[in-house]
$ cat coords03.cif   # mmCIF, C-alpha atoms and all ligand atoms
data_entry
#
loop_
_atom_site.label_atom_id
_atom_site.label_comp_id
_atom_site.auth_asym_id
_atom_site.auth_seq_id
_atom_site.Cartn_x
_atom_site.Cartn_y
_atom_site.Cartn_z
CA MET A 69 9.25 -59.48 23.18
CA SER A 70 8.46 -62.95 21.91
CA LEU A 71 7.49 -64.01 18.43
CA ARG A 72 7.27 -67.64 19.51
CA GLY A 73 4.02 -69.20 18.35
CA LYS A 74 2.80 -65.94 16.74
CA LYS A 75 0.87 -66.44 13.50
CA ILE A 76 1.95 -63.91 10.93
CA VAL A 77 0.65 -63.36 7.43
CA LEU A 78 3.67 -61.92 5.61
CA GLY A 79 2.61 -59.93 2.55
CA ILE A 80 5.33 -59.33 -0.03
CA THR A 81 4.75 -56.87 -2.86
CA GLY A 82 6.61 -55.89 -6.02
CA SER A 83 9.52 -53.75 -4.93
CA ILE A 84 13.21 -54.41 -5.49
CA ALA A 85 13.40 -54.67 -1.70
CA ALA A 86 11.41 -57.93 -2.00
CA TYR A 87 14.74 -59.74 -1.90
CA LYS A 88 14.98 -58.70 1.78
CA ALA A 89 11.69 -60.53 2.42
CA ALA A 90 13.60 -63.81 2.16
CA ASP A 91 15.82 -62.86 5.09
CA LEU A 92 12.81 -61.43 6.95
CA THR A 93 10.93 -64.72 6.51
CA ARG A 94 13.94 -66.70 7.73
CA ARG A 95 14.37 -64.49 10.80
CA LEU A 96 10.68 -64.57 11.74
CA VAL A 97 10.63 -68.37 11.47
CA LYS A 98 13.86 -68.58 13.49
CA ALA A 99 12.24 -66.43 16.19
CA GLY A 100 9.48 -69.04 16.47
CA ALA A 101 6.74 -67.37 14.41
CA GLU A 102 4.47 -69.26 12.02
CA VAL A 103 4.73 -67.38 8.75
CA GLN A 104 2.15 -67.64 5.99
CA PRO A 105 3.57 -65.83 2.97
CA VAL A 106 1.20 -64.06 0.59
CA MET A 107 2.80 -62.52 -2.50
CA THR A 108 1.38 -60.23 -5.13
CA ALA A 109 2.00 -61.11 -8.78
CA ALA A 110 4.53 -58.27 -9.04
CA ALA A 111 6.50 -59.56 -6.03
CA GLY A 112 7.07 -62.81 -7.95
CA ARG A 113 9.05 -60.84 -10.54
CA PHE A 114 11.58 -59.84 -7.91
CA ILE A 115 11.84 -62.96 -5.75
CA PRO A 116 10.84 -66.53 -6.64
CA PRO A 117 7.91 -67.82 -4.53
CA LEU A 118 9.87 -71.07 -4.20
CA THR A 119 12.54 -69.27 -2.13
CA ILE A 120 9.95 -67.76 0.22
CA ALA A 121 7.91 -71.00 0.48
CA THR A 122 11.03 -72.98 1.35
CA LEU A 123 12.10 -70.53 4.06
CA ALA A 124 8.56 -70.24 5.49
CA GLY A 125 7.84 -73.94 5.27
CA ARG A 126 4.44 -73.05 3.80
CA GLU A 127 2.98 -72.63 0.33
CA VAL A 128 3.01 -69.09 -0.96
CA LEU A 129 -0.51 -67.81 -1.68
CA SER A 130 -1.12 -65.28 -4.44
CA GLU A 131 -4.35 -65.99 -6.24
CA LEU A 132 -7.66 -65.00 -4.73
CA PHE A 133 -9.62 -67.46 -6.81
CA PRO A 134 -8.91 -71.19 -6.77
CA GLU A 135 -6.39 -72.29 -9.35
CA ALA A 136 -6.80 -75.23 -11.70
CA GLY A 137 -7.05 -78.44 -9.72
CA GLU A 138 -7.88 -76.65 -6.43
CA ALA A 139 -11.24 -77.24 -4.72
CA GLN A 140 -13.85 -74.64 -5.65
CA THR A 141 -14.55 -74.13 -1.94
CA ALA A 142 -10.94 -72.90 -1.46
CA TRP A 143 -11.88 -69.37 -2.44
CA THR A 144 -12.75 -68.26 1.12
CA LYS A 145 -9.14 -68.86 2.16
CA HIS A 146 -8.59 -65.11 2.62
CA VAL A 147 -11.27 -65.01 5.32
CA ASP A 148 -9.75 -68.02 7.09
CA LEU A 149 -6.32 -66.41 6.95
CA GLY A 150 -7.63 -63.09 8.20
CA LEU A 151 -9.06 -64.86 11.23
CA TRP A 152 -6.04 -67.14 11.75
CA ALA A 153 -3.40 -64.39 11.90
CA ASP A 154 -2.18 -62.61 15.03
CA GLY A 155 -0.77 -59.95 12.73
CA VAL A 156 -0.52 -59.07 9.06
CA VAL A 157 2.86 -57.63 8.05
CA ILE A 158 3.45 -56.25 4.55
CA ALA A 159 7.14 -55.80 3.84
CA PRO A 160 8.00 -54.39 1.43
CA ALA A 161 4.80 -52.48 0.73
CA THR A 162 4.81 -50.67 -2.62
CA ALA A 163 3.10 -47.35 -3.37
CA GLN A 164 0.62 -49.39 -5.43
CA THR A 165 -0.28 -51.66 -2.52
CA LEU A 166 -0.61 -48.70 -0.12
CA ALA A 167 -2.97 -47.05 -2.61
CA LYS A 168 -5.04 -50.22 -2.94
CA LEU A 169 -5.25 -50.72 0.82
CA ALA A 170 -6.17 -47.07 1.40
CA GLY A 171 -8.91 -47.43 -1.21
CA GLY A 172 -10.17 -50.72 0.21
CA PHE A 173 -9.41 -52.61 -3.01
CA CYS A 174 -9.73 -56.37 -2.98
CA ASP A 175 -8.16 -57.60 -6.20
CA SER A 176 -5.57 -60.07 -4.90
CA MET A 177 -5.18 -62.57 -2.12
CA LEU A 178 -3.14 -60.04 -0.12
CA THR A 179 -5.62 -57.14 -0.32
CA ALA A 180 -8.47 -59.56 0.43
CA VAL A 181 -6.66 -60.90 3.51
CA VAL A 182 -6.11 -57.36 4.82
CA LEU A 183 -9.79 -56.52 4.37
CA SER A 184 -10.76 -59.72 6.18
CA ALA A 185 -8.21 -59.42 8.98
CA ARG A 186 -9.40 -58.73 12.51
CA CYS A 187 -5.82 -58.59 13.77
CA PRO A 188 -3.50 -55.56 13.60
CA VAL A 189 -1.81 -54.72 10.30
CA LEU A 190 1.71 -53.31 9.86
CA VAL A 191 3.14 -52.04 6.58
CA ALA A 192 6.80 -51.29 5.83
CA PRO A 193 6.78 -49.19 2.64
CA ALA A 194 9.74 -49.26 0.24
CA MET A 195 9.92 -47.20 -2.91
CA ASP A 196 11.77 -44.35 -4.55
CA HIS A 197 12.21 -41.14 -2.51
CA ASP A 198 9.90 -39.06 -4.70
CA MET A 199 7.21 -41.74 -4.76
CA TRP A 200 7.28 -41.79 -0.94
CA GLY A 201 7.08 -37.98 -0.82
CA HIS A 202 4.31 -37.71 -3.44
CA PRO A 203 1.10 -36.16 -2.09
CA ALA A 204 -0.90 -39.21 -3.23
CA THR A 205 1.32 -41.56 -1.21
CA ARG A 206 1.23 -39.20 1.78
CA ARG A 207 -2.57 -39.17 1.56
CA ASN A 208 -2.73 -42.97 1.37
CA VAL A 209 -0.38 -43.36 4.35
CA ALA A 210 -2.52 -40.92 6.35
CA THR A 211 -5.66 -42.88 5.47
CA LEU A 212 -4.07 -46.17 6.49
CA GLN A 213 -2.88 -44.71 9.80
CA ALA A 214 -6.35 -43.33 10.47
CA ASP A 215 -7.66 -46.87 9.84
CA GLY A 216 -5.34 -48.17 12.57
CA VAL A 217 -2.59 -49.56 10.33
CA THR A 218 0.94 -49.23 11.75
CA VAL A 219 3.37 -47.72 9.25
CA VAL A 220 7.10 -48.33 9.67
CA PRO A 221 8.68 -45.38 7.85
CA PRO A 222 11.30 -46.25 5.25
CA ALA A 223 14.96 -45.66 6.04
CA HIS A 224 17.18 -43.02 4.45
CA GLY A 225 19.99 -44.05 2.13
CA GLU A 226 20.93 -45.08 -1.38
CA LEU A 227 17.97 -46.30 -3.42
CA ALA A 228 17.84 -48.75 -6.33
CA SER A 229 17.35 -45.78 -8.68
CA GLY A 230 20.75 -44.44 -7.61
CA LEU A 231 19.09 -41.52 -5.82
CA ILE A 232 19.74 -40.88 -2.15
CA GLY A 233 16.69 -40.37 0.01
CA ASP A 234 13.90 -41.97 2.04
CA GLY A 235 12.54 -45.19 0.65
CA ARG A 236 14.72 -48.08 1.78
CA LEU A 237 13.11 -51.02 3.50
CA PRO A 238 14.66 -51.17 7.00
CA GLU A 239 17.03 -54.09 7.52
CA PRO A 240 15.23 -57.41 8.29
CA GLU A 241 16.92 -57.60 11.69
CA ASP A 242 15.40 -54.22 12.67
CA LEU A 243 12.04 -55.16 11.18
CA VAL A 244 11.87 -58.36 13.23
CA ALA A 245 12.52 -56.35 16.41
CA GLN A 246 9.83 -53.82 15.45
CA ILE A 247 7.32 -56.56 14.58
CA GLY A 248 7.93 -58.20 17.96
CA ARG A 249 7.40 -54.92 19.84
CA TRP A 250 4.35 -54.09 17.75
CA LEU A 251 2.70 -57.45 18.45
CA ASP A 252 3.46 -57.08 22.18
CA GLU A 253 2.03 -53.56 22.28
CA SER A 254 -1.01 -54.56 20.25
CA GLY A 255 -1.58 -57.42 22.69
CA GLU A 256 -1.20 -55.15 25.75
CA ARG A 257 -3.62 -52.60 24.33
CA GLY A 258 -6.08 -55.35 23.49
CA ILE A 259 -5.65 -54.55 19.85
CA GLY A 260 -6.84 -57.47 17.85
CA HIS A 261 -9.94 -58.04 15.87
CA ASP A 262 -12.03 -54.89 15.51
CA ALA A 263 -10.24 -53.22 18.39
CA ALA A 264 -7.34 -52.62 15.98
CA ARG A 265 -9.37 -49.88 14.41
CA LEU A 266 -11.15 -48.54 17.48
CA GLY A 267 -8.12 -48.76 19.78
CA ALA A 268 -5.90 -46.91 17.37
CA GLU A 269 -8.08 -43.86 17.54
CA ALA A 270 -8.04 -43.80 21.31
CA ASP A 271 -4.36 -44.60 21.95
CA ALA A 272 -2.26 -43.73 18.94
CA PRO A 273 -0.48 -40.39 18.96
CA ALA A 274 -1.82 -37.76 16.59
CA SER A 275 -0.72 -38.53 13.06
CA LEU A 276 1.53 -36.22 11.08
CA ALA A 277 1.15 -38.21 7.87
CA GLY A 278 1.12 -36.00 4.82
CA ARG A 279 2.88 -33.16 6.69
CA HIS A 280 6.40 -31.91 6.03
CA VAL A 281 8.26 -31.19 9.27
CA LEU A 282 11.53 -29.25 9.22
CA VAL A 283 13.71 -29.54 12.32
CA THR A 284 16.96 -27.71 13.06
CA ALA A 285 19.27 -29.31 15.62
CA GLY A 286 22.70 -29.11 17.21
CA PRO A 287 25.20 -26.28 17.34
CA THR A 288 26.73 -24.25 14.55
CA ARG A 289 30.46 -23.60 14.22
CA GLU A 290 31.85 -20.26 13.11
CA ALA A 291 35.47 -20.42 11.99
CA LEU A 292 38.12 -18.20 13.54
CA ASP A 293 40.83 -19.77 11.46
CA PRO A 294 41.21 -23.17 9.75
CA VAL A 295 41.50 -25.01 13.08
CA ARG A 296 39.42 -22.99 15.55
CA PHE A 297 35.80 -22.01 15.81
CA LEU A 298 33.17 -20.38 18.02
CA SER A 299 30.44 -22.80 19.05
CA ASN A 300 28.43 -24.02 22.03
CA GLY A 301 27.71 -27.21 23.95
CA SER A 302 24.57 -28.30 22.10
CA THR A 303 24.53 -32.08 21.51
CA GLY A 304 21.50 -32.07 19.19
CA GLN A 305 19.57 -34.61 21.29
CA MET A 306 16.35 -32.58 21.61
CA GLY A 307 16.14 -31.81 17.88
CA PHE A 308 16.96 -35.39 16.88
CA ALA A 309 14.32 -36.68 19.32
CA LEU A 310 11.75 -34.33 17.74
CA ALA A 311 12.72 -35.45 14.23
CA ALA A 312 12.45 -39.12 15.23
CA ALA A 313 9.07 -38.59 16.90
CA ALA A 314 7.68 -36.71 13.88
CA ALA A 315 8.87 -39.47 11.53
CA ARG A 316 7.24 -42.12 13.74
CA ARG A 317 3.98 -40.20 13.33
CA GLY A 318 4.27 -40.47 9.57
CA ALA A 319 5.59 -36.99 8.70
CA ARG A 320 8.12 -36.39 5.97
CA VAL A 321 10.94 -35.02 8.12
CA THR A 322 13.92 -32.91 7.05
CA LEU A 323 16.52 -32.56 9.78
CA LEU A 324 19.11 -29.80 9.41
CA ALA A 325 21.89 -30.94 11.71
CA GLY A 326 24.93 -29.09 12.98
CA PRO A 327 28.07 -31.07 13.87
CA VAL A 328 26.84 -33.70 16.38
CA ALA A 329 27.66 -37.33 17.11
CA LEU A 330 24.17 -38.75 16.61
CA ASP A 331 22.77 -41.31 14.17
CA THR A 332 20.08 -40.22 11.76
CA PRO A 333 16.69 -41.41 13.07
CA PRO A 334 14.90 -43.91 10.79
CA GLY A 335 12.88 -42.33 8.01
CA VAL A 336 14.43 -38.88 8.46
CA GLU A 337 16.11 -36.92 5.64
CA ARG A 338 19.23 -35.34 7.15
CA VAL A 339 21.16 -32.38 5.81
CA ASP A 340 24.42 -31.60 7.62
CA ILE A 341 25.35 -27.97 8.08
CA VAL A 342 28.25 -26.25 9.86
CA THR A 343 27.66 -22.50 10.04
CA ALA A 344 24.65 -20.27 10.68
CA ASP A 345 24.89 -19.15 7.04
CA ASP A 346 24.71 -22.82 5.90
CA LEU A 347 21.73 -23.34 8.15
CA LEU A 348 19.92 -20.35 6.68
CA GLN A 349 20.46 -21.59 3.10
CA ALA A 350 19.29 -25.10 3.98
CA ALA A 351 16.26 -23.78 5.89
CA LEU A 352 15.23 -21.48 3.03
CA ALA A 353 15.39 -24.47 0.67
CA HIS A 354 12.73 -26.16 2.84
CA ALA A 355 10.80 -23.07 3.90
CA GLU A 356 7.55 -24.53 2.53
CA ALA A 357 7.44 -27.05 5.42
CA ASP A 358 4.11 -27.31 7.25
CA VAL A 359 5.81 -27.34 10.63
CA VAL A 360 9.21 -25.84 11.50
CA ILE A 361 10.81 -26.72 14.83
CA ALA A 362 14.00 -24.77 15.49
CA ALA A 363 15.93 -26.61 18.17
CA ALA A 364 19.39 -25.64 16.87
CA ALA A 365 21.67 -23.58 19.09
CA VAL A 366 22.75 -21.14 16.41
CA SER A 367 25.75 -18.91 17.04
CA ASP A 368 24.45 -15.35 17.11
CA TYR A 369 27.89 -14.00 16.13
CA ALA A 370 30.72 -15.19 13.89
CA PRO A 371 34.28 -13.89 13.54
CA ALA A 372 34.05 -10.98 11.11
CA GLU A 373 37.35 -11.74 9.41
CA PRO A 374 38.17 -15.46 9.76
CA ALA A 375 41.85 -16.03 9.02
CA ASP A 376 42.63 -18.37 6.14
CA ARG A 377 45.85 -19.43 7.89
CA LYS A 378 46.23 -20.59 11.46
CA LEU A 379 46.49 -17.65 13.87
CA LYS A 380 49.82 -17.56 15.70
CA LYS A 381 50.29 -16.44 19.28
CA GLY A 382 51.22 -12.79 19.64
CA ASP A 383 50.37 -10.18 22.26
CA ASP A 384 48.87 -11.09 25.64
CA ASP A 385 45.52 -9.69 24.51
CA LEU A 386 43.65 -10.64 21.40
CA THR A 387 40.58 -8.71 20.31
CA LEU A 388 38.17 -10.40 17.94
CA ARG A 389 35.69 -8.52 15.83
CA LEU A 390 32.44 -10.43 15.44
CA ARG A 391 29.56 -9.97 13.04
CA ARG A 392 25.92 -10.91 13.58
CA THR A 393 24.86 -14.13 11.92
CA PRO A 394 21.47 -14.40 10.22
CA ASP A 395 18.52 -15.25 12.45
CA VAL A 396 17.30 -18.41 10.73
CA LEU A 397 14.02 -18.81 12.58
CA GLY A 398 13.42 -15.05 12.50
CA THR A 399 13.85 -15.10 8.70
CA LEU A 400 11.33 -17.95 8.35
CA GLY A 401 9.00 -16.08 10.71
CA ALA A 402 9.17 -12.93 8.56
CA GLN A 403 8.00 -14.92 5.52
CA LYS A 404 5.62 -17.23 7.36
CA ARG A 405 2.71 -18.49 5.29
CA ASP A 406 -0.87 -19.22 6.28
CA GLY A 407 -1.28 -22.57 7.97
CA GLN A 408 2.42 -22.94 8.75
CA THR A 409 3.37 -23.72 12.35
CA LEU A 410 6.63 -22.29 13.68
CA VAL A 411 8.13 -23.49 16.93
CA GLY A 412 11.25 -22.05 18.54
CA PHE A 413 13.33 -22.90 21.56
CA ALA A 414 14.55 -20.46 24.15
CA LEU A 415 17.36 -21.54 26.41
CA GLU A 416 17.59 -19.00 29.16
CA THR A 417 19.51 -18.58 32.38
CA HIS A 418 17.35 -15.80 33.85
CA ASP A 419 13.98 -14.08 33.31
CA GLY A 420 13.15 -17.06 31.11
CA GLU A 421 9.48 -16.48 30.54
CA ALA A 422 9.84 -12.80 29.65
CA HIS A 423 12.71 -13.48 27.22
CA ALA A 424 10.87 -16.43 25.67
CA ARG A 425 7.68 -14.42 25.17
CA GLY A 426 9.76 -11.68 23.53
CA LYS A 427 11.23 -14.19 21.05
CA LEU A 428 7.81 -15.69 20.41
CA ALA A 429 6.47 -12.32 19.30
CA ARG A 430 9.63 -11.06 17.54
CA LYS A 431 10.02 -14.19 15.40
CA HIS A 432 6.25 -14.58 14.70
CA LEU A 433 6.17 -18.04 16.29
CA ASP A 434 3.18 -20.18 17.25
CA TRP A 435 4.99 -21.80 20.16
CA ILE A 436 8.22 -21.42 22.01
CA ALA A 437 9.71 -24.13 24.20
CA LEU A 438 11.45 -22.56 27.18
CA ASN A 439 14.15 -24.53 28.96
CA VAL A 440 16.43 -23.29 31.67
CA GLN A 441 20.18 -23.78 31.50
CA GLY A 442 21.62 -24.56 34.90
CA GLU A 443 18.54 -26.43 36.12
CA PRO A 444 19.40 -30.09 36.90
CA GLY A 445 18.11 -32.50 34.21
CA ALA A 446 17.35 -29.78 31.70
CA GLY A 447 18.93 -27.87 28.85
CA MET A 448 21.94 -28.38 26.65
CA GLY A 449 23.78 -31.70 26.85
CA ALA A 450 21.38 -33.25 29.40
CA ALA A 451 19.66 -36.55 28.53
CA THR A 452 16.42 -35.21 29.99
CA ASN A 453 14.66 -31.88 29.69
CA ARG A 454 11.98 -29.80 31.35
CA VAL A 455 10.10 -27.52 29.03
CA THR A 456 7.47 -24.83 29.37
CA LEU A 457 5.63 -24.40 26.09
CA LEU A 458 4.30 -20.90 25.58
CA GLY A 459 1.75 -20.32 22.82
CA ALA A 460 1.11 -17.20 20.80
CA ASP A 461 -2.51 -17.38 21.97
CA GLY A 462 -1.35 -17.12 25.60
CA ALA A 463 -1.32 -20.88 26.25
CA ARG A 464 1.16 -22.21 28.79
CA VAL A 465 1.87 -25.96 29.01
CA GLU A 466 4.33 -27.47 31.49
CA ILE A 467 6.13 -30.61 30.31
CA PRO A 468 7.77 -32.17 33.38
CA THR A 469 11.35 -33.47 33.44
CA ALA A 470 11.59 -36.60 31.26
CA PRO A 471 13.96 -38.19 28.72
CA LYS A 472 14.18 -36.00 25.64
CA ALA A 473 12.36 -38.63 23.52
CA GLU A 474 9.33 -38.33 25.82
CA VAL A 475 9.52 -34.55 25.90
CA ALA A 476 9.55 -34.62 22.08
CA GLU A 477 6.35 -36.73 22.04
CA ALA A 478 4.71 -34.36 24.51
CA ILE A 479 5.64 -31.33 22.41
CA LEU A 480 4.15 -32.94 19.28
CA ASP A 481 0.98 -33.76 21.23
CA VAL A 482 0.63 -30.11 22.20
CA LEU A 483 1.19 -28.97 18.60
CA ALA A 484 -1.45 -31.45 17.41
CA SER A 485 -3.98 -30.13 19.89
CA SER A 486 -3.46 -26.53 18.80
CA PRO A 487 -1.40 -26.44 15.61
CA SER A 488 -1.34 -22.72 14.90
CA GLY A 489 -1.97 -19.86 17.20
CA GLY A 490 0.56 -17.41 15.85
CA ASP A 491 0.20 -14.67 13.30
CA ALA A 492 0.58 -15.58 9.64
CA ARG A 493 2.53 -13.12 7.54
N1 LIG B 1 17.66 -19.17 16.18
C1 LIG B 1 17.88 -19.21 14.82
N2 LIG B 1 18.90 -18.48 14.26
C2 LIG B 1 19.73 -17.73 15.03
C3 LIG B 1 19.51 -17.69 16.43
C4 LIG B 1 18.47 -18.42 16.97
O1 LIG B 1 17.13 -19.91 14.12
N3 LIG B 1 20.72 -17.06 14.48
C5 LIG B 1 16.52 -19.91 16.76
C6 LIG B 1 16.91 -21.00 17.71
O2 LIG B 1 17.00 -22.24 17.04
C7 LIG B 1 15.76 -20.98 18.71
C8 LIG B 1 15.32 -19.55 18.74
O3 LIG B 1 15.77 -18.99 17.50
O4 LIG B 1 14.66 -21.72 18.25
C9 LIG B 1 15.81 -18.76 19.92
O5 LIG B 1 17.20 -18.70 19.94
P1 LIG B 1 18.06 -17.72 20.90
O6 LIG B 1 19.45 -17.74 20.44
O7 LIG B 1 17.78 -18.12 22.31
O8 LIG B 1 17.34 -16.36 20.62
P2 LIG B 1 17.86 -15.00 20.18
O9 LIG B 1 16.69 -14.37 19.53
O10 LIG B 1 19.08 -15.15 19.38
O11 LIG B 1 18.10 -14.26 21.58
P3 LIG B 1 19.34 -14.19 22.63
O12 LIG B 1 20.50 -14.95 22.02
O13 LIG B 1 19.54 -12.77 22.76
O14 LIG B 1 18.83 -14.84 23.88
#
$ encode --input "coords03.cif" --output "structure tokens"
Amino acid sequence: MSLRGKKIVLGITGSIAAYKAADLTRRLVKAGAEVQPVMTAAAGRFIPPLTIATLAGREVLSELFPEAGEAQTAWTKHVDLGLWADGVVIAPATAQTLAKLAGGFCDSMLTAVVLSARCPVLVAPAMDHDMWGHPATRRNVATLQADGVTVVPPAHGELASGLIGDGRLPEPEDLVAQIGRWLDESGERGIGHDAARLGAEADAPASLAGRHVLVTAGPTREALDPVRFLSNGSTGQMGFALAAAAARRGARVTLLAGPVALDTPPGVERVDIVTADDLLQAALAHAEADVVIAAAAVSDYAPAEPADRKLKKGDDDLTLRLRRTPDVLGTLGAQKRDGQTLVGFALETHDGEAHARGKLARKHLDWIALNVQGEPGAGMGAATNRVTLLGADGARVEIPTAPKAEVAEAILDVLASSPSGGDAR
């Protein structure tokens, strides 16, 4: 990836995260890019244009129409800039700017440059969690993606409002890396000029913007006593890969995660759970999701009478009484609503397809992803997976052995091509 010599219009809009635009400008310039900053009037309330101009080594542009003393002919500057740039990056992008861009508004230098640009456009939204989740914002993001705009989902964390959620502008260091990759990929795919719009339709993965995706991942732990538990070897990789892939496609993603040692993917809302009962409560709280993907390896049984003090050694034999835990996916299946897509996983050691088809029907699923434990490069703990997707309508799709991130993309592609084949309850 090289930003050297790349011409970037950097749009900065009125979010508290605008202060990060100073560091972003500095890093882009340091990486060798030519940065032309364009700020909206609101951005100037959060960060002085003088700071940005000094770091960029270029005047900040804001006004569409020539200002006092400027040549009258200067008003076509937005067209010149749109043609000059190799890429337009808007970071941070407010809900207001997303709405204007989705509507094709042209009331500032920045919106005019975007309309004039023949190069690819990337936006990095930053706002409060609820503003990001609002149906209007989801709609605008979906429109922009359909127009070929790349959307870097906001990160999860503490927001300026004091709330915790999705809405943070990713760190400038990460943004610079993403911008570099994006420009490289756009170049490879010939995206530039009008191809930005046409190419996006042909190459971009199906968008999930405006959809709420609920993913369960990892194992559960069922306490025997305060220091011991029943669990399994799930590492959560497949579920986390699915959550990351859905977020990259613009979905609002809620990830219910058992105890695993994995970082939260960017733009994903994570809820940590420990037991199957916790998982059920958390899943019911998000049961309205448009798509549910249950990749968690839930304990089917829990000790019936967990001890509140550590169990001490006694006889040579110890008999444990176990109780059934709730079937989380089965519960969601029993209350499935029209238009909802439910996807389960079946990890089998024998008679895989028959068992998987049984689960598909019993839990009222649209799809079930069958993987075989014991097969090299597949199943729990492996970095790769091989999956057979079975659909309620009889479909059967083989996804060959690949890293779990690629398998996740392939699964989402299949869901996009046939979102709901199962019965709605
Ligand atoms: N699942 C769940 N809650 C449970 C058990 C399973 O949500 N208590 C989900 C898993 O996340 C997976 C699917 O159901 O998507 C299949 O899980 P599995 O344990 O293989 O199926 P069971 O129906 O429990 O069948 P068995 O254990 O007998 O193979």
$ residues_near_ligand --input "coords03.cif" --ligand "ligand LIG 1 (chain B)" --cutoff "9 Å" --atoms "only C-alpha atoms and all ligand atoms" --output "ChimeraX atom specification"
/A:284-286,344-345,347-348,361-369,392-400,411-416,423-424,426-428,430-431,436-437
$ write_last_selection --input "coords03.cif" --atoms "C-alpha atoms" --output "PDB file, in the frame of the given file"
ATOM      1  CA  THR A 284      16.960 -27.710  13.060  1.00  0.00           C
ATOM      2  CA  ALA A 285      19.270 -29.310  15.620  1.00  0.00           C
ATOM      3  CA  GLY A 286      22.700 -29.110  17.210  1.00  0.00           C
ATOM      4  CA  ALA A 344      24.650 -20.270  10.680  1.00  0.00           C
ATOM      5  CA  ASP A 345      24.890 -19.150   7.040  1.00  0.00           C
ATOM      6  CA  LEU A 347      21.730 -23.340   8.150  1.00  0.00           C
ATOM      7  CA  LEU A 348      19.920 -20.350   6.680  1.00  0.00           C
ATOM      8  CA  ILE A 361      10.810 -26.720  14.830  1.00  0.00           C
ATOM      9  CA  ALA A 362      14.000 -24.770  15.490  1.00  0.00           C
ATOM     10  CA  ALA A 363      15.930 -26.610  18.170  1.00  0.00           C
ATOM     11  CA  ALA A 364      19.390 -25.640  16.870  1.00  0.00           C
ATOM     12  CA  ALA A 365      21.670 -23.580  19.090  1.00  0.00           C
ATOM     13  CA  VAL A 366      22.750 -21.140  16.410  1.00  0.00           C
ATOM     14  CA  SER A 367      25.750 -18.910  17.040  1.00  0.00           C
ATOM     15  CA  ASP A 368      24.450 -15.350  17.110  1.00  0.00           C
ATOM     16  CA  TYR A 369      27.890 -14.000  16.130  1.00  0.00           C
ATOM     17  CA  ARG A 392      25.920 -10.910  13.580  1.00  0.00           C
ATOM     18  CA  THR A 393      24.860 -14.130  11.920  1.00  0.00           C
ATOM     19  CA  PRO A 394      21.470 -14.400  10.220  1.00  0.00           C
ATOM     20  CA  ASP A 395      18.520 -15.250  12.450  1.00  0.00           C
ATOM     21  CA  VAL A 396      17.300 -18.410  10.730  1.00  0.00           C
ATOM     22  CA  LEU A 397      14.020 -18.810  12.580  1.00  0.00           C
ATOM     23  CA  GLY A 398      13.420 -15.050  12.500  1.00  0.00           C
ATOM     24  CA  THR A 399      13.850 -15.100   8.700  1.00  0.00           C
ATOM     25  CA  LEU A 400      11.330 -17.950   8.350  1.00  0.00           C
ATOM     26  CA  VAL A 411       8.130 -23.490  16.930  1.00  0.00           C
ATOM     27  CA  GLY A 412      11.250 -22.050  18.540  1.00  0.00           C
ATOM     28  CA  PHE A 413      13.330 -22.900  21.560  1.00  0.00           C
ATOM     29  CA  ALA A 414      14.550 -20.460  24.150  1.00  0.00           C
ATOM     30  CA  LEU A 415      17.360 -21.540  26.410  1.00  0.00           C
ATOM     31  CA  GLU A 416      17.590 -19.000  29.160  1.00  0.00           C
ATOM     32  CA  HIS A 423      12.710 -13.480  27.220  1.00  0.00           C
ATOM     33  CA  ALA A 424      10.870 -16.430  25.670  1.00  0.00           C
ATOM     34  CA  GLY A 426       9.760 -11.680  23.530  1.00  0.00           C
ATOM     35  CA  LYS A 427      11.230 -14.190  21.050  1.00  0.00           C
ATOM     36  CA  LEU A 428       7.810 -15.690  20.410  1.00  0.00           C
ATOM     37  CA  ARG A 430       9.630 -11.060  17.540  1.00  0.00           C
ATOM     38  CA  LYS A 431      10.020 -14.190  15.400  1.00  0.00           C
ATOM     39  CA  ILE A 436       8.220 -21.420  22.010  1.00  0.00           C
ATOM     40  CA  ALA A 437       9.710 -24.130  24.200  1.00  0.00           C
TER      41      ALA A 437
END
$ closest_residue --input "coords03.cif" --among "A:Met195, A:Leu251, A:Ala451, A:Ala89" --to "Lys74 (chain A)" --atoms "all atoms listed in the file"
A:Leu251
$ closest_residue --input "coords03.cif" --among "A:Gly150, A:Glu421, A:Thr162, A:Ala429" --to "Thr456 (chain A)" --atoms "only C-alpha atoms"
A:Glu421
$ residues_around --input "coords03.cif" --residues "Pro294 (chain A)" --least-positions-apart "2" --cutoff "8 Å" --atoms "all atoms listed in the file" --output "PDB file with C-alpha atoms, in the coordinates of the input"
ATOM      1  CA  ALA A 291      35.470 -20.420  11.990  1.00  0.00           C
ATOM      2  CA  LEU A 292      38.120 -18.200  13.540  1.00  0.00           C
ATOM      3  CA  ARG A 296      39.420 -22.990  15.550  1.00  0.00           C
ATOM      4  CA  ALA A 375      41.850 -16.030   9.020  1.00  0.00           C
ATOM      5  CA  ASP A 376      42.630 -18.370   6.140  1.00  0.00           C
ATOM      6  CA  ARG A 377      45.850 -19.430   7.890  1.00  0.00           C
ATOM      7  CA  LYS A 378      46.230 -20.590  11.460  1.00  0.00           C
TER       8      LYS A 378
END
$ residues_around --input "coords03.cif" --residues "region 118-132 of chain A" --least-positions-apart "5" --cutoff "6 Å" --atoms "only C-alpha atoms" --output "list in words"
Ala90, Arg94, Val103, Pro105, Val106, Met107, Thr108, Ser176 and Met177 of chain A
$ atom_distance --input "coords03.cif" --atom1 "CA of Gln441 (chain A)" --atom2 "CA of Arg454 (chain A)"
10.2 Å
